[in-house]
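structure.pdb (PDB, C-alpha atoms, pLDDT in the B column)
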```
ATOM      1  CA  MET V 122       7.105 -37.479  -9.334  1.00 45.00           C
ATOM      2  CA  LEU V 123       8.118 -33.956  -8.376  1.00 48.00           C
ATOM      3  CA  GLY V 124      10.725 -32.709  -5.951  1.00 46.00           C
ATOM      4  CA  GLY V 125      13.072 -35.480  -4.855  1.00 57.00           C
ATOM      5  CA  ASN V 126      15.461 -33.831  -2.383  1.00 78.00           C
ATOM      6  CA  VAL V 127      16.152 -30.860  -4.634  1.00 89.00           C
ATOM      7  CA  THR V 128      16.174 -27.119  -4.040  1.00 94.00           C
ATOM      8  CA  THR V 129      12.935 -25.193  -3.964  1.00 94.00           C
ATOM      9  CA  GLY V 130      13.679 -23.543  -7.302  1.00 95.00           C
ATOM     10  CA  ARG V 131      14.335 -26.911  -8.950  1.00 93.00           C
ATOM     11  CA  ALA V 132      11.110 -28.314  -7.476  1.00 93.00           C
ATOM     12  CA  ILE V 133       9.120 -25.415  -8.955  1.00 94.00           C
ATOM     13  CA  ASN V 134      10.866 -25.884 -12.304  1.00 93.00           C
ATOM     14  CA  ASP V 135      10.013 -29.622 -12.277  1.00 90.00           C
ATOM     15  CA  ALA V 136       6.382 -28.844 -11.458  1.00 91.00           C
ATOM     16  CA  LEU V 137       6.177 -26.420 -14.378  1.00 93.00           C
ATOM     17  CA  ASP V 138       7.667 -29.097 -16.632  1.00 91.00           C
ATOM     18  CA  ASN V 139       4.917 -31.426 -15.433  1.00 87.00           C
ATOM     19  CA  ILE V 140       2.184 -29.106 -16.752  1.00 90.00           C
ATOM     20  CA  GLY V 141       4.033 -28.066 -19.909  1.00 92.00           C
ATOM     21  CA  TRP V 142       4.645 -24.453 -18.879  1.00 95.00           C
ATOM     22  CA  PRO V 143       6.892 -22.778 -21.518  1.00 97.00           C
ATOM     23  CA  SER V 144      10.547 -22.766 -20.468  1.00 96.00           C
ATOM     24  CA  GLY V 145      10.932 -19.229 -21.810  1.00 96.00           C
ATOM     25  CA  LYS V 146       8.283 -17.937 -19.390  1.00 97.00           C
ATOM     26  CA  ARG V 147      10.136 -18.800 -16.189  1.00 97.00           C
ATOM     27  CA  ASP V 148      12.247 -16.571 -13.948  1.00 96.00           C
ATOM     28  CA  LEU V 149      13.314 -18.848 -11.118  1.00 96.00           C
ATOM     29  CA  ASP V 150      16.002 -18.484  -8.475  1.00 94.00           C
ATOM     30  CA  ASP V 151      17.709 -21.703  -7.389  1.00 94.00           C
ATOM     31  CA  GLY V 152      16.331 -21.505  -3.865  1.00 94.00           C
ATOM     32  CA  LEU V 153      18.128 -22.252  -0.601  1.00 92.00           C
ATOM     33  CA  ALA V 154      15.844 -24.835   1.012  1.00 95.00           C
ATOM     34  CA  ILE V 155      15.829 -28.543   0.146  1.00 95.00           C
ATOM     35  CA  VAL V 156      12.435 -30.173  -0.352  1.00 93.00           C
ATOM     36  CA  GLU V 157      11.358 -33.761   0.119  1.00 86.00           C
ATOM     37  CA  GLU V 158      10.351 -36.132  -2.631  1.00 75.00           C
ATOM     38  CA  ASN V 159       6.665 -35.579  -3.370  1.00 66.00           C
ATOM     39  CA  GLN V 160       4.214 -37.732  -5.233  1.00 59.00           C
ATOM     40  CA  VAL V 161       1.941 -35.186  -6.895  1.00 68.00           C
ATOM     41  CA  ALA V 162      -1.341 -36.745  -7.990  1.00 69.00           C
ATOM     42  CA  ASP V 163      -2.869 -35.962 -11.372  1.00 73.00           C
ATOM     43  CA  ASP V 164      -5.628 -33.885  -9.785  1.00 78.00           C
ATOM     44  CA  THR V 165      -3.191 -31.743  -7.736  1.00 81.00           C
ATOM     45  CA  ILE V 166      -3.676 -28.011  -8.135  1.00 89.00           C
ATOM     46  CA  ILE V 167      -0.171 -27.027  -9.213  1.00 91.00           C
ATOM     47  CA  LEU V 168      -0.576 -23.459  -7.946  1.00 92.00           C
ATOM     48  CA  ASP V 169      -1.177 -24.838  -4.440  1.00 93.00           C
ATOM     49  CA  TYR V 170       1.956 -26.973  -4.727  1.00 93.00           C
ATOM     50  CA  LEU V 171       4.054 -24.025  -5.950  1.00 95.00           C
ATOM     51  CA  GLN V 172       2.842 -21.888  -3.046  1.00 95.00           C
ATOM     52  CA  THR V 173       3.692 -24.649  -0.558  1.00 95.00           C
ATOM     53  CA  VAL V 174       7.207 -24.857  -2.007  1.00 95.00           C
ATOM     54  CA  ALA V 175       7.537 -21.070  -1.728  1.00 95.00           C
ATOM     55  CA  THR V 176       6.349 -21.220   1.887  1.00 96.00           C
ATOM     56  CA  SER V 177       9.091 -23.769   2.525  1.00 96.00           C
ATOM     57  CA  GLU V 178      11.808 -21.340   1.343  1.00 93.00           C
ATOM     58  CA  PRO V 179      10.235 -18.997   2.712  1.00 92.00           C
ATOM     59  CA  SER V 180       9.665 -16.632  -0.188  1.00 89.00           C
ATOM     60  CA  GLY V 181       7.165 -15.955  -2.943  1.00 88.00           C
ATOM     61  CA  VAL V 182       6.067 -17.293  -6.298  1.00 94.00           C
ATOM     62  CA  PHE V 183       3.934 -15.193  -8.633  1.00 94.00           C
ATOM     63  CA  ILE V 184       3.346 -14.083 -12.221  1.00 93.00           C
ATOM     64  CA  SER V 185       5.716 -11.208 -12.987  1.00 91.00           C
ATOM     65  CA  LYS V 186       5.032  -8.095 -15.055  1.00 88.00           C
ATOM     66  CA  ASP V 187       6.506  -9.928 -18.042  1.00 91.00           C
ATOM     67  CA  GLY V 188       4.134 -12.869 -17.643  1.00 93.00           C
ATOM     68  CA  ASP V 189       6.816 -15.195 -16.275  1.00 96.00           C
ATOM     69  CA  VAL V 190       6.369 -17.519 -13.340  1.00 97.00           C
ATOM     70  CA  LYS V 191       8.783 -15.825 -10.956  1.00 95.00           C
ATOM     71  CA  PHE V 192      10.289 -17.421  -7.849  1.00 95.00           C
ATOM     72  CA  VAL V 193      12.507 -15.329  -5.574  1.00 90.00           C
ATOM     73  CA  GLU V 194      14.678 -17.091  -3.027  1.00 89.00           C
ATOM     74  CA  ARG V 195      14.558 -15.776   0.513  1.00 85.00           C
ATOM     75  CA  ASN V 196      17.690 -13.601   0.443  1.00 74.00           C
ATOM     76  CA  ALA V 197      17.441 -12.115  -3.034  1.00 71.00           C
ATOM     77  CA  GLY V 198      15.003  -9.276  -2.416  1.00 58.00           C
ATOM     78  CA  PHE V 199      17.226  -7.572   0.156  1.00 56.00           C
ATOM     79  CA  LEU V 200      19.934  -6.727  -2.369  1.00 56.00           C
ATOM     80  CA  GLY V 201      20.298  -3.770  -4.715  1.00 60.00           C
ATOM     81  CA  ASN V 202      18.956  -0.222  -4.701  1.00 71.00           C
ATOM     82  CA  LYS V 203      15.596   0.583  -3.116  1.00 82.00           C
ATOM     83  CA  PRO V 204      13.288   3.255  -4.602  1.00 91.00           C
ATOM     84  CA  PHE V 205      12.910   6.211  -2.227  1.00 94.00           C
ATOM     85  CA  LEU V 206       9.390   7.614  -1.866  1.00 93.00           C
ATOM     86  CA  SER V 207       8.785  10.744   0.192  1.00 94.00           C
ATOM     87  CA  ASP V 208       6.256  13.453   1.027  1.00 92.00           C
ATOM     88  CA  ASP V 209       8.742  16.335   1.239  1.00 91.00           C
ATOM     89  CA  GLY V 210      10.176  16.545  -2.265  1.00 90.00           C
ATOM     90  CA  THR V 211      13.357  14.610  -1.500  1.00 93.00           C
ATOM     91  CA  GLY V 212      12.237  11.479  -3.340  1.00 95.00           C
ATOM     92  CA  ILE V 213       9.494  10.116  -5.573  1.00 96.00           C
ATOM     93  CA  PRO V 214       6.304  11.882  -4.445  1.00 95.00           C
ATOM     94  CA  TYR V 215       3.205   9.952  -3.361  1.00 94.00           C
ATOM     95  CA  THR V 216      -0.308  11.261  -2.779  1.00 90.00           C
ATOM     96  CA  ILE V 217      -1.726   8.974  -0.064  1.00 84.00           C
ATOM     97  CA  VAL V 218      -0.152   6.816   2.628  1.00 86.00           C
ATOM     98  CA  SER V 219      -1.920   4.427   4.980  1.00 87.00           C
ATOM     99  CA  VAL V 220      -0.050   3.703   8.214  1.00 82.00           C
ATOM    100  CA  ILE V 221      -0.890   0.845  10.555  1.00 80.00           C
ATOM    101  CA  PHE V 222       0.351  -0.457  13.886  1.00 76.00           C
ATOM    102  CA  GLY V 223      -1.356  -3.753  14.486  1.00 71.00           C
ATOM    103  CA  THR V 224      -1.370  -7.351  15.641  1.00 76.00           C
ATOM    104  CA  GLU V 225      -3.088  -8.951  12.666  1.00 75.00           C
ATOM    105  CA  LEU V 226       0.238 -10.576  11.749  1.00 81.00           C
ATOM    106  CA  LEU V 227       1.288 -11.335  15.333  1.00 91.00           C
ATOM    107  CA  PHE V 228       1.984 -15.032  15.935  1.00 95.00           C
ATOM    108  CA  ASN V 229       3.928 -16.441  18.877  1.00 97.00           C
ATOM    109  CA  GLU V 230       3.396 -20.178  18.412  1.00 98.00           C
ATOM    110  CA  ILE V 231       4.489 -21.470  15.005  1.00 97.00           C
ATOM    111  CA  THR V 232       3.906 -25.029  13.833  1.00 98.00           C
ATOM    112  CA  VAL V 233       5.816 -26.156  10.742  1.00 98.00           C
ATOM    113  CA  THR V 234       4.817 -29.420   9.076  1.00 97.00           C
ATOM    114  CA  ASN V 235       5.955 -31.648   6.249  1.00 94.00           C
ATOM    115  CA  SER V 236       4.429 -34.898   4.981  1.00 89.00           C
ATOM    116  CA  GLU V 237       5.697 -36.901   7.975  1.00 92.00           C
ATOM    117  CA  THR V 238       6.041 -34.754  11.086  1.00 96.00           C
ATOM    118  CA  GLN V 239       5.772 -31.306  12.635  1.00 97.00           C
ATOM    119  CA  VAL V 240       7.844 -29.017  14.846  1.00 98.00           C
ATOM    120  CA  LEU V 241       6.861 -26.173  17.153  1.00 98.00           C
ATOM    121  CA  ALA V 242       8.513 -22.876  18.084  1.00 98.00           C
ATOM    122  CA  THR V 243       7.126 -20.459  20.672  1.00 98.00           C
ATOM    123  CA  SER V 244       7.925 -17.064  22.133  1.00 97.00           C
ATOM    124  CA  GLU V 245       7.008 -17.177  25.814  1.00 97.00           C
ATOM    125  CA  THR V 246       7.648 -13.456  26.218  1.00 96.00           C
ATOM    126  CA  SER V 247       5.160 -12.677  23.464  1.00 96.00           C
ATOM    127  CA  ILE V 248       2.603 -15.146  24.820  1.00 97.00           C
ATOM    128  CA  ASN V 249       2.803 -13.509  28.248  1.00 96.00           C
ATOM    129  CA  LEU V 250       2.324 -10.051  26.732  1.00 95.00           C
ATOM    130  CA  TYR V 251      -0.330 -10.685  24.080  1.00 94.00           C
ATOM    131  CA  GLY V 252      -1.783 -14.137  24.731  1.00 95.00           C
ATOM    132  CA  LYS V 253      -1.218 -17.178  22.565  1.00 96.00           C
ATOM    133  CA  ARG V 254      -1.671 -16.644  18.838  1.00 96.00           C
ATOM    134  CA  ASP V 255      -0.801 -19.690  16.756  1.00 97.00           C
ATOM    135  CA  VAL V 256      -0.369 -20.411  13.069  1.00 96.00           C
ATOM    136  CA  THR V 257       0.639 -23.459  11.006  1.00 97.00           C
ATOM    137  CA  ARG V 258       2.930 -23.403   7.981  1.00 97.00           C
ATOM    138  CA  ASN V 259       2.689 -26.496   5.778  1.00 96.00           C
ATOM    139  CA  THR V 260       5.904 -27.206   3.873  1.00 96.00           C
ATOM    140  CA  VAL V 261       7.687 -29.830   1.809  1.00 94.00           C
ATOM    141  CA  LEU V 262      11.010 -29.435   3.629  1.00 95.00           C
ATOM    142  CA  ASN V 263      13.020 -32.647   3.719  1.00 93.00           C
ATOM    143  CA  SER V 264      14.501 -32.448   7.238  1.00 94.00           C
ATOM    144  CA  VAL V 265      13.521 -31.643  10.801  1.00 96.00           C
ATOM    145  CA  ASN V 266      16.564 -29.368  11.045  1.00 96.00           C
ATOM    146  CA  GLN V 267      15.255 -27.144   8.224  1.00 96.00           C
ATOM    147  CA  MET V 268      11.787 -27.164   9.777  1.00 97.00           C
ATOM    148  CA  ASN V 269      13.184 -26.021  13.126  1.00 97.00           C
ATOM    149  CA  GLN V 270      15.164 -23.246  11.430  1.00 95.00           C
ATOM    150  CA  LEU V 271      12.048 -22.020   9.645  1.00 96.00           C
ATOM    151  CA  ALA V 272       9.889 -22.167  12.768  1.00 97.00           C
ATOM    152  CA  ASP V 273      12.485 -20.282  14.832  1.00 95.00           C
ATOM    153  CA  PHE V 274      12.844 -17.637  12.118  1.00 91.00           C
ATOM    154  CA  LEU V 275       9.077 -17.119  11.797  1.00 93.00           C
ATOM    155  CA  VAL V 276       8.454 -16.842  15.539  1.00 94.00           C
ATOM    156  CA  ARG V 277      11.169 -14.162  15.806  1.00 90.00           C
ATOM    157  CA  LYS V 278       9.699 -12.305  12.843  1.00 87.00           C
ATOM    158  CA  PHE V 279       6.072 -12.278  13.973  1.00 90.00           C
ATOM    159  CA  ASP V 280       6.112 -12.276  17.801  1.00 92.00           C
ATOM    160  CA  ALA V 281       5.436  -8.536  18.247  1.00 89.00           C
ATOM    161  CA  PRO V 282       3.020  -5.936  16.839  1.00 87.00           C
ATOM    162  CA  GLU V 283       4.402  -4.216  13.774  1.00 78.00           C
ATOM    163  CA  PHE V 284       4.390  -0.615  12.594  1.00 77.00           C
ATOM    164  CA  ARG V 285       4.286  -0.361   8.836  1.00 78.00           C
ATOM    165  CA  PHE V 286       3.257   1.685   5.864  1.00 85.00           C
ATOM    166  CA  GLU V 287       0.379  -0.415   4.529  1.00 88.00           C
ATOM    167  CA  VAL V 288      -0.573   1.278   1.240  1.00 92.00           C
ATOM    168  CA  LEU V 289       0.977   4.011  -0.891  1.00 92.00           C
ATOM    169  CA  GLU V 290      -0.741   5.716  -3.806  1.00 94.00           C
ATOM    170  CA  ILE V 291       1.414   7.314  -6.487  1.00 95.00           C
ATOM    171  CA  ASP V 292      -0.039   9.432  -9.274  1.00 94.00           C
ATOM    172  CA  LEU V 293       2.175   8.954 -12.309  1.00 94.00           C
ATOM    173  CA  ALA V 294       1.022  12.332 -13.640  1.00 91.00           C
ATOM    174  CA  ASN V 295       2.999  13.982 -10.811  1.00 91.00           C
ATOM    175  CA  LEU V 296       6.289  12.311 -11.752  1.00 95.00           C
ATOM    176  CA  ASN V 297       9.055  13.072 -14.214  1.00 95.00           C
ATOM    177  CA  SER V 298      10.072  10.458 -16.770  1.00 95.00           C
ATOM    178  CA  SER V 299      12.792   8.826 -14.673  1.00 95.00           C
ATOM    179  CA  GLN V 300      10.546   8.650 -11.613  1.00 96.00           C
ATOM    180  CA  ARG V 301       7.733   7.124 -13.697  1.00 94.00           C
ATOM    181  CA  ALA V 302      10.114   4.478 -15.027  1.00 94.00           C
ATOM    182  CA  GLU V 303      11.301   3.650 -11.502  1.00 94.00           C
ATOM    183  CA  VAL V 304       7.742   3.248 -10.182  1.00 95.00           C
ATOM    184  CA  VAL V 305       6.537   1.200 -13.157  1.00 93.00           C
ATOM    185  CA  ALA V 306       9.527  -1.129 -12.711  1.00 92.00           C
ATOM    186  CA  ILE V 307       8.589  -1.979  -9.094  1.00 93.00           C
ATOM    187  CA  GLU V 308       7.804  -5.684  -8.783  1.00 90.00           C
ATOM    188  CA  LEU V 309       6.334  -7.905  -6.078  1.00 88.00           C
ATOM    189  CA  GLY V 310       9.016  -8.803  -3.545  1.00 84.00           C
ATOM    190  CA  ASP V 311      10.940  -5.571  -4.102  1.00 87.00           C
ATOM    191  CA  PHE V 312      11.799  -3.247  -1.237  1.00 87.00           C
ATOM    192  CA  VAL V 313      11.084   0.468  -1.111  1.00 90.00           C
ATOM    193  CA  GLN V 314      12.114   3.172   1.338  1.00 90.00           C
ATOM    194  CA  VAL V 315       9.325   5.473   2.519  1.00 91.00           C
ATOM    195  CA  LYS V 316       9.607   8.861   4.221  1.00 92.00           C
ATOM    196  CA  PHE V 317       6.468  10.196   5.924  1.00 91.00           C
ATOM    197  CA  THR V 318       6.032  13.435   7.876  1.00 89.00           C
ATOM    198  CA  PRO V 319       2.789  13.240   9.910  1.00 86.00           C
ATOM    199  CA  ASN V 320       0.843  16.518   9.609  1.00 83.00           C
ATOM    200  CA  ASN V 321       3.975  17.993   7.984  1.00 84.00           C
ATOM    201  CA  ILE V 322       5.561  18.261  11.440  1.00 85.00           C
ATOM    202  CA  PRO V 323       9.157  16.954  11.727  1.00 86.00           C
ATOM    203  CA  PRO V 324      10.784  14.629  12.483  1.00 89.00           C
ATOM    204  CA  ALA V 325       9.822  12.442   9.556  1.00 89.00           C
ATOM    205  CA  ILE V 326       9.339   8.684   9.888  1.00 87.00           C
ATOM    206  CA  GLU V 327      11.469   6.608   7.542  1.00 87.00           C
ATOM    207  CA  ARG V 328      10.862   2.897   7.036  1.00 85.00           C
ATOM    208  CA  PHE V 329      11.516   0.181   4.502  1.00 85.00           C
ATOM    209  CA  GLY V 330       8.676  -1.948   3.193  1.00 86.00           C
ATOM    210  CA  GLU V 331       8.385  -5.064   1.081  1.00 86.00           C
ATOM    211  CA  VAL V 332       5.996  -4.833  -1.859  1.00 90.00           C
ATOM    212  CA  ILE V 333       3.221  -7.435  -1.532  1.00 89.00           C
ATOM    213  CA  SER V 334       0.631  -6.023  -3.945  1.00 92.00           C
ATOM    214  CA  ILE V 335       0.461  -3.652  -6.917  1.00 94.00           C
ATOM    215  CA  GLN V 336      -2.737  -2.245  -8.405  1.00 93.00           C
ATOM    216  CA  SER V 337      -3.290   0.163 -11.284  1.00 90.00           C
ATOM    217  CA  LYS V 338      -6.178   2.610 -10.913  1.00 86.00           C
ATOM    218  CA  PHE V 339      -6.289   4.523 -14.183  1.00 83.00           C
ATOM    219  CA  THR V 340      -9.103   6.984 -14.936  1.00 81.00           C
ATOM    220  CA  PRO V 341      -9.493   9.815 -17.485  1.00 80.00           C
ATOM    221  CA  PHE V 342      -8.166  12.164 -14.787  1.00 79.00           C
ATOM    222  CA  ASN V 343      -5.246  10.345 -13.180  1.00 81.00           C
ATOM    223  CA  GLU V 344      -2.875   7.385 -13.417  1.00 90.00           C
ATOM    224  CA  VAL V 345      -2.572   5.966  -9.932  1.00 94.00           C
ATOM    225  CA  ILE V 346      -0.381   3.047  -8.867  1.00 94.00           C
ATOM    226  CA  GLN V 347      -1.339   1.604  -5.482  1.00 94.00           C
ATOM    227  CA  ILE V 348       1.434  -0.299  -3.719  1.00 95.00           C
ATOM    228  CA  GLY V 349       0.722  -2.584  -0.747  1.00 92.00           C
ATOM    229  CA  LEU V 350       3.574  -3.048   1.718  1.00 90.00           C
ATOM    230  CA  GLN V 351       4.506  -5.296   4.579  1.00 84.00           C
ATOM    231  CA  SER V 352       6.983  -4.541   7.327  1.00 77.00           C
ATOM    232  CA  THR V 353      10.633  -5.498   7.032  1.00 74.00           C
ATOM    233  CA  GLN V 354      10.727  -6.172  10.782  1.00 59.00           C
ATOM    234  CA  GLY V 355      12.619  -9.439  11.062  1.00 50.00           C
ATOM    235  CA  ALA V 356      14.206  -9.048   7.632  1.00 50.00           C
ATOM    236  CA  LEU V 357      17.423 -10.962   7.069  1.00 49.00           C
ATOM    237  CA  ILE V 358      20.732  -9.251   7.809  1.00 44.00           C
ATOM    238  CA  VAL V 359      22.742  -8.549   4.646  1.00 44.00           C
ATOM    239  CA  LEU V 360      26.386  -7.738   5.323  1.00 45.00           C
ATOM    240  CA  ASN V 361      27.554  -4.342   4.003  1.00 46.00           C
ATOM    241  CA  ASP V 362      24.012  -3.368   3.005  1.00 46.00           C
ATOM    242  CA  GLU V 363      23.091   0.188   4.019  1.00 51.00           C
ATOM    243  CA  ALA V 364      19.530  -0.778   4.973  1.00 49.00           C
ATOM    244  CA  PHE V 365      19.754  -4.381   6.197  1.00 45.00           C
ATOM    245  CA  GLY V 366      23.362  -4.699   7.359  1.00 49.00           C
ATOM    246  CA  LYS V 367      23.088  -3.008  10.750  1.00 49.00           C
ATOM    247  CA  LEU V 368      23.397  -5.225  13.814  1.00 47.00           C
ATOM    248  CA  ASP V 369      21.255  -2.873  15.921  1.00 49.00           C
ATOM    249  CA  SER V 370      18.394  -2.811  13.380  1.00 46.00           C
ATOM    250  CA  GLU V 371      15.197  -4.892  13.258  1.00 49.00           C
ATOM    251  CA  SER V 372      16.940  -7.387  10.977  1.00 47.00           C
ATOM    252  CA  VAL V 373      17.754 -10.903  12.164  1.00 49.00           C
ATOM    253  CA  LEU V 374      20.403 -13.436  11.254  1.00 51.00           C
ATOM    254  CA  GLY V 375      19.214 -15.555   8.360  1.00 55.00           C
ATOM    255  CA  PHE V 376      19.646 -19.227   7.523  1.00 60.00           C
TER     256      PHE V 376
END
```

Is it possible to give me this structure as structure tokens?
Amino acid sequence: MLGGNVTTGRAINDALDNIGWPSGKRDLDDGLAIVEENQVADDTIILDYLQTVATSEPSGVFISKDGDVKFVERNAGFLGNKPFLSDDGTGIPYTIVSVIFGTELLFNEITVTNSETQVLATSETSINLYGKRDVTRNTVLNSVNQMNQLADFLVRKFDAPEFRFEVLEIDLANLNSSQRAEVVAIELGDFVQVKFTPNNIPPAIERFGEVISIQSKFTPFNEVIQIGLQSTQGALIVLNDEAFGKLDSESVLGF
């Protein structure tokens, strides 16, 4: 038996106990959502269960650089300093940036389920503008109230096209020692600030992005780190934070 009306972090910890994952290889936040009691069958793919719990937060679970199972609760990533990457010498230099403005992550009808029921949240304004685009999020949340909060949050976050820096490439050979250390330390779920000057013509575009992928592309000629980003549109408001504490920003009130 896993879960049992406990926080998401505790549910993940219990699941790792169930498969004998070493206690010293875990880096788990407590989590802010409460999950329902779940009977996990012997043939359950634990990774699928962990990802469902993370979806319920909502947040992420992954293997960290240190080889730990890492779970980050939904508010944690917005805190602390954010590496500053730029194309004009004012920050950590990058060599390539891919910019996208698209609707591939546009959803205006969100269904959230648990083992017993489902709830629905819609954005009529978005549906009228872009047509209906629906998605379902399966969770283990233990109450309809939490499910409604999650559905409302997701429909606000994804009901419009987003502009974002999609991929950055950084050649470590171009960096000094402190910059190299800062780039190598970047982890999934971290936030970075990016400054981009299209065609070297001001004004520059400055945006924050959440790191969703990291790839190393080392050859005899260069040492490239490729960082995949997603937009922070709809990020949670963090009081007193320089980036996410502004009421007139793209951030939204959290839960």

Can you tell me, as an mmCIF file with C-alpha atoms, keeping the file's coordinate frame, what residues are no more than 8 Å from region 134-141 of chain V when counting only C-alpha atoms, ignoring any on the same chain fewer than 2 positions away?
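Writing done, so here's selection-v2.cif:
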```cif
data_model
loop_
_atom_site.group_PDB
_atom_site.id
_atom_site.type_symbol
_atom_site.label_atom_id
_atom_site.label_comp_id
_atom_site.auth_asym_id
_atom_site.auth_seq_id
_atom_site.Cartn_x
_atom_site.Cartn_y
_atom_site.Cartn_z
ATOM 1 C CA LEU V 123 8.118 -33.956 -8.376
ATOM 2 C CA GLY V 124 10.725 -32.709 -5.951
ATOM 3 C CA GLY V 130 13.679 -23.543 -7.302
ATOM 4 C CA ARG V 131 14.335 -26.911 -8.950
ATOM 5 C CA ALA V 132 11.110 -28.314 -7.476
ATOM 6 C CA PRO V 143 6.892 -22.778 -21.518
ATOM 7 C CA SER V 144 10.547 -22.766 -20.468
ATOM 8 C CA LEU V 149 13.314 -18.848 -11.118
ATOM 9 C CA ILE V 167 -0.171 -27.027 -9.213
ATOM 10 C CA LEU V 171 4.054 -24.025 -5.950
#
```

(request) Can you turn the PyMOL selection byres ((chain V and resi 219) around 12) into a concrete residue list for this file, as a PyMOL selection string? (result) chain V and resi 215-218+220-222+284-290+315+317+319+347-351

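Interatomic distance, CA of Ala197 (chain V) to CA of Val313 (chain V): 14.2 Å.
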
(request) Could you expand the PyMOL selection byres ((chain V and resi 187) around 12) into the explicit residues it covers here, written as a PyMOL selection string? (result) chain V and resi 145-148+183-186+188-191+306+308

(message) Excluding Ile248 (chain V) and its own-chain neighbours fewer than 4 positions away, which residues fall within 9 Å of it when counting all atoms listed in the file? Please give them as a PyMOL selection string.
(response) chain V and resi 228-230+243-244+252-254+280

C-alpha atoms of the current selection, written as a PDB file, in the coordinates of the input:
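Output saved as part24.pdb:
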```pdb
ATOM      1  CA  PHE V 228       1.984 -15.032  15.935  1.00 95.00           C
ATOM      2  CA  ASN V 229       3.928 -16.441  18.877  1.00 97.00           C
ATOM      3  CA  GLU V 230       3.396 -20.178  18.412  1.00 98.00           C
ATOM      4  CA  THR V 243       7.126 -20.459  20.672  1.00 98.00           C
ATOM      5  CA  SER V 244       7.925 -17.064  22.133  1.00 97.00           C
ATOM      6  CA  GLY V 252      -1.783 -14.137  24.731  1.00 95.00           C
ATOM      7  CA  LYS V 253      -1.218 -17.178  22.565  1.00 96.00           C
ATOM      8  CA  ARG V 254      -1.671 -16.644  18.838  1.00 96.00           C
ATOM      9  CA  ASP V 280       6.112 -12.276  17.801  1.00 92.00           C
TER      10      ASP V 280
END
```

(message) At a cut-off of 6 Å around the point (2.3, -23.5, 10.2) (file coordinates), what residues fall inside when counting all atoms listed in the file? I'd like the answer as a ChimeraX atom specification.
(response) /V:231-233,256-259

Could you turn the residues from that selection into a file that holds C-alpha atoms, as a short mmCIF file (atom, residue, chain, number, x, y, z; two decimals), in the coordinates of the input?
```cif
data_model
loop_
_atom_site.label_atom_id
_atom_site.label_comp_id
_atom_site.auth_asym_id
_atom_site.auth_seq_id
_atom_site.Cartn_x
_atom_site.Cartn_y
_atom_site.Cartn_z
CA ILE V 231 4.49 -21.47 15.00
CA THR V 232 3.91 -25.03 13.83
CA VAL V 233 5.82 -26.16 10.74
CA VAL V 256 -0.37 -20.41 13.07
CA THR V 257 0.64 -23.46 11.01
CA ARG V 258 2.93 -23.40 7.98
CA ASN V 259 2.69 -26.50 5.78
#
```

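Across the structure, CA of Pro324 (chain V) and CA of Ser352 (chain V) are spaced 20.2 Å apart.
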
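Across the structure, CA of Thr238 (chain V) and CA of Leu168 (chain V) are spaced 23.1 Å apart.
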
Selected by the PyMOL selection byres ((chain V and resi 304) around 12) in the shown coordinates: which residues, as a compact mmCIF listing (two decimals) with C-alpha atoms, in the frame of the given file?
```txt
# COMPACT_ATOMS: atom_id res chain seq x y z
CA LYS V 203 15.60 0.58 -3.12
CA PRO V 204 13.29 3.26 -4.60
CA PHE V 205 12.91 6.21 -2.23
CA LEU V 206 9.39 7.61 -1.87
CA GLY V 212 12.24 11.48 -3.34
CA ILE V 213 9.49 10.12 -5.57
CA PRO V 214 6.30 11.88 -4.44
CA TYR V 215 3.20 9.95 -3.36
CA LEU V 289 0.98 4.01 -0.89
CA GLU V 290 -0.74 5.72 -3.81
CA ILE V 291 1.41 7.31 -6.49
CA ASP V 292 -0.04 9.43 -9.27
CA LEU V 293 2.17 8.95 -12.31
CA ALA V 294 1.02 12.33 -13.64
CA ASN V 295 3.00 13.98 -10.81
CA LEU V 296 6.29 12.31 -11.75
CA ASN V 297 9.06 13.07 -14.21
CA SER V 298 10.07 10.46 -16.77
CA SER V 299 12.79 8.83 -14.67
CA GLN V 300 10.55 8.65 -11.61
CA ARG V 301 7.73 7.12 -13.70
CA ALA V 302 10.11 4.48 -15.03
CA GLU V 303 11.30 3.65 -11.50
CA VAL V 305 6.54 1.20 -13.16
CA ALA V 306 9.53 -1.13 -12.71
CA ILE V 307 8.59 -1.98 -9.09
CA GLU V 308 7.80 -5.68 -8.78
CA LEU V 309 6.33 -7.90 -6.08
CA ASP V 311 10.94 -5.57 -4.10
CA PHE V 312 11.80 -3.25 -1.24
CA VAL V 313 11.08 0.47 -1.11
CA VAL V 332 6.00 -4.83 -1.86
CA ILE V 335 0.46 -3.65 -6.92
CA GLN V 336 -2.74 -2.24 -8.40
CA SER V 337 -3.29 0.16 -11.28
CA GLU V 344 -2.88 7.38 -13.42
CA VAL V 345 -2.57 5.97 -9.93
CA ILE V 346 -0.38 3.05 -8.87
CA GLN V 347 -1.34 1.60 -5.48
CA ILE V 348 1.43 -0.30 -3.72
```

(message) Which residue is closest to Ser207 (chain V)? Choose from V:Leu153, V:Ala281, V:Ala325, V:Ile333 and count all atoms listed in the file.
(response)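 Using all atoms listed in the file, Ser207 (chain V) sits closest to V:Ala325.
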
(request) Measuring atom to atom with only C-alpha atoms, identify which of V:Asn202, V:Thr165, V:Ser177, V:Asn321 is nearest to Phe274 (chain V). (result)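 Closest to Phe274 (chain V), using only C-alpha atoms: V:Ser177.
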
(message) I'd like the neighbourhood of region 263-269 of chain V as JSON, numbers by chain, where a residue qualifies if any of its atoms comes within 6 Å (using all atoms listed in the file), though same-chain residues fewer than 3 positions away should be ignored.
(response) {"V": [156, 157, 272]}

Resulting file, chosen residues, C-alpha atoms, as a JSON list (two decimals), in the frame of the given file:
```json
[["chain", "number", "residue", "atom", "x", "y", "z"],
["V", 156, "VAL", "CA", 12.44, -30.17, -0.35],
["V", 157, "GLU", "CA", 11.36, -33.76, 0.12],
["V", 272, "ALA", "CA", 9.89, -22.17, 12.77]]
```
